[in-house]
Structure formats: C-alpha cells, structure tokens
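What's in input-v9.csv: CSV, N, CA and C atoms
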```csv
chain,number,residue,atom,x,y,z
A,1,MET,N,34.0,-6.3,41.5
A,1,MET,CA,33.5,-7.1,40.4
A,1,MET,C,32.1,-6.6,39.9
A,2,ALA,N,31.3,-6.2,40.9
A,2,ALA,CA,30.0,-5.7,40.5
A,2,ALA,C,30.1,-4.4,39.7
A,3,ARG,N,31.0,-3.6,40.0
A,3,ARG,CA,31.2,-2.3,39.3
A,3,ARG,C,31.6,-2.6,37.8
A,4,LEU,N,32.5,-3.6,37.6
A,4,LEU,CA,32.9,-4.0,36.3
A,4,LEU,C,31.7,-4.5,35.5
A,5,ALA,N,30.9,-5.3,36.1
A,5,ALA,CA,29.7,-5.9,35.4
A,5,ALA,C,28.7,-4.7,35.0
A,6,VAL,N,28.5,-3.8,35.9
A,6,VAL,CA,27.6,-2.6,35.5
A,6,VAL,C,28.3,-1.8,34.4
A,7,PHE,N,29.6,-1.6,34.5
A,7,PHE,CA,30.3,-0.8,33.5
A,7,PHE,C,30.2,-1.4,32.1
A,8,LEU,N,30.4,-2.7,32.1
A,8,LEU,CA,30.3,-3.4,30.8
A,8,LEU,C,28.8,-3.4,30.2
A,9,LEU,N,27.9,-3.5,31.1
A,9,LEU,CA,26.5,-3.5,30.7
A,9,LEU,C,26.1,-2.1,30.1
A,10,LEU,N,26.5,-1.0,30.8
A,10,LEU,CA,26.3,0.3,30.3
A,10,LEU,C,27.0,0.6,29.0
A,11,ALA,N,28.2,0.1,28.9
A,11,ALA,CA,29.0,0.3,27.7
A,11,ALA,C,28.4,-0.4,26.5
A,12,ALA,N,27.8,-1.5,26.7
A,12,ALA,CA,27.2,-2.3,25.6
A,12,ALA,C,25.8,-1.8,25.2
A,13,LEU,N,25.2,-1.0,26.1
A,13,LEU,CA,23.8,-0.5,25.8
A,13,LEU,C,23.7,0.3,24.5
A,14,PRO,N,24.6,1.3,24.2
A,14,PRO,CA,24.5,2.0,22.9
A,14,PRO,C,24.6,1.1,21.7
A,15,VAL,N,25.5,0.1,21.8
A,15,VAL,CA,25.7,-0.8,20.7
A,15,VAL,C,24.5,-1.6,20.4
A,16,SER,N,23.8,-2.1,21.5
A,16,SER,CA,22.6,-2.9,21.3
A,16,SER,C,21.5,-2.0,20.7
A,17,LEU,N,21.4,-0.8,21.1
A,17,LEU,CA,20.4,0.1,20.5
A,17,LEU,C,20.6,0.4,19.1
A,18,ALA,N,21.9,0.5,18.7
A,18,ALA,CA,22.2,0.8,17.3
A,18,ALA,C,21.8,-0.4,16.4
A,19,TRP,N,21.8,-1.6,16.9
A,19,TRP,CA,21.5,-2.8,16.1
A,19,TRP,C,20.0,-3.1,16.1
A,20,SER,N,19.2,-2.4,16.9
A,20,SER,CA,17.7,-2.7,16.9
A,20,SER,C,17.1,-2.0,15.7
A,21,PRO,N,16.1,-2.6,15.2
A,21,PRO,CA,15.4,-2.0,14.0
A,21,PRO,C,14.6,-0.7,14.4
A,22,PRO,N,14.5,0.3,13.5
A,22,PRO,CA,13.8,1.5,13.9
A,22,PRO,C,12.3,1.2,14.1
A,23,ALA,N,11.7,2.0,14.9
A,23,ALA,CA,10.2,1.8,15.2
A,23,ALA,C,9.4,2.3,14.0
A,24,VAL,N,8.4,1.6,13.7
A,24,VAL,CA,7.5,2.0,12.5
A,24,VAL,C,6.4,2.8,13.1
A,25,ALA,N,6.1,4.0,12.4
A,25,ALA,CA,5.0,4.8,12.8
A,25,ALA,C,3.7,4.1,12.5
A,26,GLN,N,2.7,4.2,13.4
A,26,GLN,CA,1.4,3.7,13.1
A,26,GLN,C,0.4,4.8,13.2
A,27,SER,N,-0.7,4.6,12.4
A,27,SER,CA,-1.7,5.6,12.5
A,27,SER,C,-2.5,5.5,13.8
A,28,ALA,N,-3.1,6.6,14.2
A,28,ALA,CA,-3.8,6.6,15.5
A,28,ALA,C,-4.9,5.6,15.5
A,29,ARG,N,-5.6,5.5,14.4
A,29,ARG,CA,-6.7,4.5,14.3
A,29,ARG,C,-6.6,3.8,12.9
A,30,PRO,N,-6.7,2.5,12.9
A,30,PRO,CA,-6.8,1.9,11.6
A,30,PRO,C,-8.0,2.3,10.8
A,31,ALA,N,-8.0,2.3,9.5
A,31,ALA,CA,-9.1,2.7,8.7
A,31,ALA,C,-10.2,1.6,8.9
A,32,VAL,N,-11.4,2.0,9.1
A,32,VAL,CA,-12.5,1.1,9.2
A,32,VAL,C,-13.2,1.0,7.9
A,33,ALA,N,-13.3,-0.2,7.4
A,33,ALA,CA,-14.0,-0.4,6.1
A,33,ALA,C,-15.5,-0.3,6.2
A,34,LEU,N,-16.1,0.3,5.2
A,34,LEU,CA,-17.5,0.5,5.2
A,34,LEU,C,-18.2,-0.9,4.9
A,35,SER,N,-19.4,-1.1,5.4
A,35,SER,CA,-20.2,-2.2,5.0
A,35,SER,C,-20.8,-1.9,3.6
A,36,ALA,N,-21.4,-2.9,3.0
A,36,ALA,CA,-22.0,-2.7,1.7
A,36,ALA,C,-23.2,-1.7,1.8
A,37,ALA,N,-24.0,-1.8,2.9
A,37,ALA,CA,-25.1,-1.0,3.1
A,37,ALA,C,-24.6,0.5,3.4
A,38,GLN,N,-23.6,0.7,4.1
A,38,GLN,CA,-23.1,2.0,4.4
A,38,GLN,C,-22.6,2.6,3.1
A,39,ALA,N,-21.9,1.8,2.3
A,39,ALA,CA,-21.3,2.3,1.0
A,39,ALA,C,-22.5,2.7,0.0
A,40,GLU,N,-23.5,1.9,0.0
A,40,GLU,CA,-24.7,2.2,-0.8
A,40,GLU,C,-25.3,3.6,-0.4
A,41,ARG,N,-25.4,3.8,0.9
A,41,ARG,CA,-25.9,5.1,1.4
A,41,ARG,C,-25.0,6.3,1.0
A,42,LYS,N,-23.7,6.0,1.2
A,42,LYS,CA,-22.7,7.1,0.9
A,42,LYS,C,-22.6,7.4,-0.6
A,43,SER,N,-22.8,6.3,-1.4
A,43,SER,CA,-22.5,6.5,-2.8
A,43,SER,C,-23.5,7.5,-3.5
A,44,VAL,N,-24.6,7.8,-2.8
A,44,VAL,CA,-25.5,8.8,-3.4
A,44,VAL,C,-24.9,10.2,-3.4
A,45,ASP,N,-23.8,10.4,-2.6
A,45,ASP,CA,-23.1,11.6,-2.5
A,45,ASP,C,-22.0,11.8,-3.6
A,46,LEU,N,-21.8,10.7,-4.4
A,46,LEU,CA,-20.8,10.8,-5.5
A,46,LEU,C,-21.3,11.8,-6.5
A,47,LYS,N,-20.4,12.6,-7.0
A,47,LYS,CA,-20.7,13.6,-8.0
A,47,LYS,C,-19.6,13.6,-9.1
A,48,GLN,N,-20.0,13.8,-10.3
A,48,GLN,CA,-19.1,14.0,-11.4
A,48,GLN,C,-18.2,15.2,-11.1
A,49,GLY,N,-16.9,15.0,-11.3
A,49,GLY,CA,-15.9,16.1,-11.1
A,49,GLY,C,-15.2,16.0,-9.7
A,50,MET,N,-15.7,15.1,-8.9
A,50,MET,CA,-15.0,14.9,-7.5
A,50,MET,C,-13.6,14.5,-7.7
A,51,SER,N,-12.7,14.9,-6.8
A,51,SER,CA,-11.3,14.5,-6.9
A,51,SER,C,-11.1,13.1,-6.2
A,52,LEU,N,-9.9,12.6,-6.5
A,52,LEU,CA,-9.5,11.3,-5.8
A,52,LEU,C,-9.7,11.4,-4.3
A,53,GLU,N,-9.2,12.5,-3.8
A,53,GLU,CA,-9.2,12.7,-2.3
A,53,GLU,C,-10.6,12.8,-1.8
A,54,ALA,N,-11.5,13.4,-2.5
A,54,ALA,CA,-12.9,13.5,-2.0
A,54,ALA,C,-13.5,12.2,-2.0
A,55,VAL,N,-13.3,11.4,-3.0
A,55,VAL,CA,-13.9,10.0,-3.1
A,55,VAL,C,-13.3,9.2,-2.0
A,56,GLU,N,-12.0,9.2,-1.7
A,56,GLU,CA,-11.4,8.5,-0.7
A,56,GLU,C,-11.9,8.9,0.7
A,57,GLU,N,-12.2,10.2,0.9
A,57,GLU,CA,-12.7,10.6,2.1
A,57,GLU,C,-14.2,10.1,2.3
A,58,LEU,N,-14.9,10.0,1.2
A,58,LEU,CA,-16.3,9.6,1.3
A,58,LEU,C,-16.4,8.0,1.4
A,59,LEU,N,-15.6,7.3,0.7
A,59,LEU,CA,-15.8,5.8,0.6
A,59,LEU,C,-14.6,5.0,1.2
A,60,GLY,N,-13.5,5.7,1.5
A,60,GLY,CA,-12.3,5.0,2.0
A,60,GLY,C,-11.4,4.6,0.8
A,61,LYS,N,-10.4,3.8,1.1
A,61,LYS,CA,-9.4,3.3,0.1
A,61,LYS,C,-10.1,2.2,-0.7
A,62,PRO,N,-9.9,2.1,-2.0
A,62,PRO,CA,-10.5,1.1,-2.8
A,62,PRO,C,-9.8,-0.3,-2.6
A,63,ARG,N,-10.5,-1.3,-2.9
A,63,ARG,CA,-9.9,-2.7,-2.8
A,63,ARG,C,-9.0,-2.9,-4.0
A,64,ARG,N,-9.4,-2.5,-5.2
A,64,ARG,CA,-8.6,-2.6,-6.4
A,64,ARG,C,-8.5,-1.3,-7.2
A,65,THR,N,-7.5,-1.2,-8.0
A,65,THR,CA,-7.4,-0.1,-8.9
A,65,THR,C,-7.0,-0.6,-10.3
A,66,ALA,N,-7.3,0.2,-11.3
A,66,ALA,CA,-6.9,-0.2,-12.7
A,66,ALA,C,-6.7,1.1,-13.5
A,67,LEU,N,-5.7,1.1,-14.3
A,67,LEU,CA,-5.4,2.2,-15.2
A,67,LEU,C,-5.6,1.7,-16.6
A,68,LYS,N,-6.5,2.4,-17.3
A,68,LYS,CA,-6.9,1.9,-18.6
A,68,LYS,C,-6.4,2.9,-19.7
A,69,ASN,N,-6.0,2.4,-20.8
A,69,ASN,CA,-5.5,3.2,-21.9
A,69,ASN,C,-4.2,3.9,-21.6
A,70,GLY,N,-3.4,3.3,-20.7
A,70,GLY,CA,-2.0,3.7,-20.4
A,70,GLY,C,-1.9,5.1,-19.7
A,71,GLY,N,-2.9,5.6,-19.2
A,71,GLY,CA,-2.8,6.9,-18.5
A,71,GLY,C,-2.6,8.1,-19.5
A,72,SER,N,-2.8,7.9,-20.8
A,72,SER,CA,-2.7,9.0,-21.7
A,72,SER,C,-3.8,10.0,-21.5
A,73,ALA,N,-3.9,11.0,-22.2
A,73,ALA,CA,-4.9,12.1,-22.0
A,73,ALA,C,-6.3,11.5,-22.1
A,74,GLY,N,-6.5,10.4,-22.9
A,74,GLY,CA,-7.8,9.8,-23.1
A,74,GLY,C,-8.0,8.7,-22.1
A,75,GLY,N,-7.0,8.4,-21.2
A,75,GLY,CA,-7.1,7.3,-20.3
A,75,GLY,C,-8.0,7.5,-19.1
A,76,SER,N,-8.2,6.4,-18.4
A,76,SER,CA,-9.1,6.4,-17.2
A,76,SER,C,-8.5,5.6,-16.1
A,77,LEU,N,-8.8,5.9,-14.9
A,77,LEU,CA,-8.4,5.2,-13.7
A,77,LEU,C,-9.7,4.7,-13.1
A,78,GLN,N,-9.7,3.4,-12.7
A,78,GLN,CA,-10.9,2.8,-12.1
A,78,GLN,C,-10.6,2.3,-10.7
A,79,TRP,N,-11.4,2.7,-9.7
A,79,TRP,CA,-11.3,2.2,-8.4
A,79,TRP,C,-12.5,1.3,-8.2
A,80,THR,N,-12.2,0.1,-7.6
A,80,THR,CA,-13.2,-0.9,-7.3
A,80,THR,C,-13.3,-1.1,-5.9
A,81,TYR,N,-14.5,-1.0,-5.4
A,81,TYR,CA,-14.9,-1.3,-4.0
A,81,TYR,C,-15.7,-2.6,-4.0
A,82,ALA,N,-15.3,-3.6,-3.3
A,82,ALA,CA,-16.0,-4.9,-3.4
A,82,ALA,C,-16.4,-5.3,-2.0
A,83,TRP,N,-17.6,-5.9,-1.9
A,83,TRP,CA,-18.1,-6.5,-0.6
A,83,TRP,C,-18.5,-8.0,-0.9
A,84,PRO,N,-17.6,-8.9,-0.9
A,84,PRO,CA,-18.0,-10.3,-1.2
A,84,PRO,C,-19.0,-10.8,-0.2
A,85,GLY,N,-20.0,-11.5,-0.7
A,85,GLY,CA,-21.0,-12.1,0.1
A,85,GLY,C,-21.9,-11.1,0.8
A,86,ALA,N,-22.0,-9.9,0.2
A,86,ALA,CA,-22.8,-8.8,0.8
A,86,ALA,C,-24.3,-9.3,0.6
A,87,ALA,N,-25.1,-8.9,1.6
A,87,ALA,CA,-26.5,-9.3,1.5
A,87,ALA,C,-27.2,-8.5,0.4
A,88,SER,N,-26.6,-7.4,0.0
A,88,SER,CA,-27.1,-6.6,-1.1
A,88,SER,C,-26.9,-7.3,-2.4
A,89,SER,N,-27.7,-7.1,-3.4
A,89,SER,CA,-27.5,-7.7,-4.7
A,89,SER,C,-26.4,-7.0,-5.4
A,90,GLN,N,-26.0,-5.8,-4.9
A,90,GLN,CA,-25.0,-5.0,-5.5
A,90,GLN,C,-23.7,-5.2,-4.8
A,91,GLY,N,-22.8,-6.1,-5.3
A,91,GLY,CA,-21.6,-6.4,-4.5
A,91,GLY,C,-20.4,-5.6,-4.9
A,92,THR,N,-20.4,-4.8,-5.9
A,92,THR,CA,-19.2,-4.1,-6.4
A,92,THR,C,-19.6,-2.7,-6.8
A,93,LEU,N,-18.8,-1.7,-6.4
A,93,LEU,CA,-18.9,-0.3,-6.9
A,93,LEU,C,-17.7,0.0,-7.6
A,94,ASN,N,-17.8,0.4,-8.9
A,94,ASN,CA,-16.7,0.9,-9.7
A,94,ASN,C,-16.8,2.4,-9.9
A,95,VAL,N,-15.8,3.1,-9.5
A,95,VAL,CA,-15.7,4.5,-9.7
A,95,VAL,C,-14.6,4.8,-10.8
A,96,VAL,N,-15.0,5.5,-11.8
A,96,VAL,CA,-14.1,5.8,-13.0
A,96,VAL,C,-13.7,7.2,-12.9
A,97,PHE,N,-12.4,7.5,-13.1
A,97,PHE,CA,-11.9,8.8,-13.1
A,97,PHE,C,-11.3,9.1,-14.4
A,98,GLY,N,-11.5,10.4,-14.9
A,98,GLY,CA,-10.9,10.9,-16.1
A,98,GLY,C,-9.7,11.7,-15.7
A,99,ALA,N,-8.8,11.9,-16.7
A,99,ALA,CA,-7.6,12.7,-16.4
A,99,ALA,C,-7.7,14.1,-16.9
A,100,LYS,N,-7.2,15.0,-16.1
A,100,LYS,CA,-7.0,16.4,-16.5
A,100,LYS,C,-5.5,16.5,-16.7
A,101,THR,N,-5.1,16.6,-17.9
A,101,THR,CA,-3.7,16.7,-18.3
A,101,THR,C,-3.3,18.0,-18.9
A,102,PRO,N,-2.4,18.8,-18.4
A,102,PRO,CA,-2.0,20.0,-19.0
A,102,PRO,C,-1.4,19.8,-20.4
A,103,ASP,N,-1.6,20.8,-21.2
A,103,ASP,CA,-1.0,20.7,-22.6
A,103,ASP,C,0.5,20.3,-22.5
A,104,GLY,N,0.9,19.4,-23.3
A,104,GLY,CA,2.3,19.0,-23.4
A,104,GLY,C,2.8,18.1,-22.3
A,105,ALA,N,1.9,17.8,-21.3
A,105,ALA,CA,2.4,17.0,-20.2
A,105,ALA,C,2.2,15.5,-20.5
A,106,LYS,N,3.0,14.6,-20.0
A,106,LYS,CA,2.9,13.2,-20.3
A,106,LYS,C,2.0,12.5,-19.3
A,107,ALA,N,1.9,13.0,-18.1
A,107,ALA,CA,1.2,12.3,-17.0
A,107,ALA,C,0.0,13.2,-16.6
A,108,PRO,N,-1.1,12.6,-16.1
A,108,PRO,CA,-2.2,13.5,-15.6
A,108,PRO,C,-1.8,14.3,-14.4
A,109,GLU,N,-2.3,15.5,-14.3
A,109,GLU,CA,-2.1,16.3,-13.2
A,109,GLU,C,-3.1,16.0,-12.1
A,110,GLN,N,-4.3,15.8,-12.6
A,110,GLN,CA,-5.4,15.5,-11.7
A,110,GLN,C,-6.4,14.5,-12.2
A,111,TRP,N,-7.0,13.7,-11.4
A,111,TRP,CA,-8.0,12.8,-11.8
A,111,TRP,C,-9.3,13.3,-11.2
A,112,TYR,N,-10.4,13.1,-11.9
A,112,TYR,CA,-11.7,13.6,-11.5
A,112,TYR,C,-12.7,12.5,-11.8
A,113,VAL,N,-13.8,12.4,-11.0
A,113,VAL,CA,-14.8,11.3,-11.2
A,113,VAL,C,-15.6,11.6,-12.6
A,114,SER,N,-15.6,10.6,-13.4
A,114,SER,CA,-16.3,10.8,-14.7
A,114,SER,C,-17.6,9.9,-14.6
A,115,GLY,N,-17.6,8.9,-13.8
A,115,GLY,CA,-18.8,8.0,-13.6
A,115,GLY,C,-18.6,6.9,-12.6
A,116,TRP,N,-19.7,6.2,-12.3
A,116,TRP,CA,-19.6,5.1,-11.4
A,116,TRP,C,-20.8,4.2,-11.6
A,117,GLU,N,-20.7,2.9,-11.2
A,117,GLU,CA,-21.8,2.0,-11.3
A,117,GLU,C,-21.6,0.9,-10.3
A,118,TRP,N,-22.8,0.4,-9.9
A,118,TRP,CA,-22.8,-0.8,-9.0
A,118,TRP,C,-23.0,-2.0,-9.9
A,119,SER,N,-22.4,-3.1,-9.6
A,119,SER,CA,-22.6,-4.3,-10.3
A,119,SER,C,-22.4,-5.5,-9.4
A,120,THR,N,-22.8,-6.7,-9.9
A,120,THR,CA,-22.6,-7.9,-9.1
A,120,THR,C,-21.4,-8.7,-9.7
A,121,TYR,N,-20.9,-9.6,-9.0
A,121,TYR,CA,-19.7,-10.4,-9.5
A,121,TYR,C,-20.1,-11.2,-10.7
```
Render the structure in this file as structure tokens.
Amino acid sequence: MARLAVFLLLAALPVSLAWSPPAVAQSARPAVALSAAQAERKSVDLKQGMSLEAVEELLGKPRRTALKNGGSAGGSLQWTYAWPGAASSQGTLNVVFGAKTPDGAKAPEQWYVSGWEWSTY
C-alpha cells in the first residue's frame, strides 16, 4: 500500500508543476530613489545633448513622463522627477528632450536633452 501511495505522489508531481505559475525574474537590487538633495547635486552634471540612457543613469527613472506635440519632428518628451515635501524649495525637476528624427521617418530615432528646470509645485 505504501508503494502505491509513493507511486501516485510521484506520478502527480509533473502535473502539479505544470499548473504552477512561472517564476518572475527580479533584479539583483531594487532601484534606489535619489533624495531631493542628491538630485540637486547630480543635476549640475546635466548637459544639453545627453541621451535618455545617460539621464536615467544619472538621475534614475522619472516619476512622470509627457510627450508634447505628438512626437512629431518638432515634438518634445518631458521627464518629471518630483520630491513631495522636500526640504528644498525646489520640489520638481523637469528634463525636456528634443527628437532626432531621420528624414522621412515618422517616429524619433533618438531623444536628446534640450533643457531642464527646477520648479516648485
């Protein structure tokens, strides 16, 4: 009887594994958000012409994004970094990107920093 129970258990194991949800990959370390003071210090390294990737490496992922003028050749992309209740009088950093669009293309190939400003809510 014990052999039958073990046999049934082992026979059911592959079926139960097939019904389990797949494991989700996690990053090694969650991204650490910058404080307002750290962001103010790092923002002095912003330069016109920086790529999206370079800004993300410097300041991290933005809290909000906005696409203005529909992403056409004259359009802009805005990343907003916000620190509600920050001790600093400057609570929000807006980074504006311009588009580099190849001739005849409908979508931008690259975005580059065209400007930035600190503001309060």
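Between CA of Leu93 (chain A) and CA of Lys61 (chain A) lies a distance of 12.3 Å.
For the pair atom N of Arg64 (chain A) and atom C of Gln48 (chain A), the separation is 20.6 Å.
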Surrounding residues of Val95 (chain A) excluding itself and chain neighbours under 3 positions, 8 Å, only C-alpha atoms, as a compact mmCIF listing (two decimals) with N, CA and C atoms, in the frame of the given file:
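What ended up in result_13.txt:
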```
# COMPACT_ATOMS: atom_id res chain seq x y z
N GLN A 78 -9.70 3.40 -12.70
CA GLN A 78 -10.90 2.80 -12.10
C GLN A 78 -10.60 2.30 -10.70
N TRP A 79 -11.40 2.70 -9.70
CA TRP A 79 -11.30 2.20 -8.40
C TRP A 79 -12.50 1.30 -8.20
N THR A 80 -12.20 0.10 -7.60
CA THR A 80 -13.20 -0.90 -7.30
C THR A 80 -13.30 -1.10 -5.90
N VAL A 113 -13.80 12.40 -11.00
CA VAL A 113 -14.80 11.30 -11.20
C VAL A 113 -15.60 11.60 -12.60
N GLY A 115 -17.60 8.90 -13.80
CA GLY A 115 -18.80 8.00 -13.60
C GLY A 115 -18.60 6.90 -12.60
N TRP A 116 -19.70 6.20 -12.30
CA TRP A 116 -19.60 5.10 -11.40
C TRP A 116 -20.80 4.20 -11.60
N GLU A 117 -20.70 2.90 -11.20
CA GLU A 117 -21.80 2.00 -11.30
C GLU A 117 -21.60 0.90 -10.30
```
Q) Could you state the separation of atom C of Ser114 (chain A) and CA of Gln38 (chain A) in Å, given to one decimal place? A)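 These atoms are spaced 21.3 Å apart.
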(Q) Which residues are close to Leu67 (chain A), i.e. within 7 Å by all atoms listed in the file, leaving aside same-chain residues fewer than 6 positions away? Reply as a list in words. (A) Gly75, Ser76, Leu77 and Gln78 of chain A
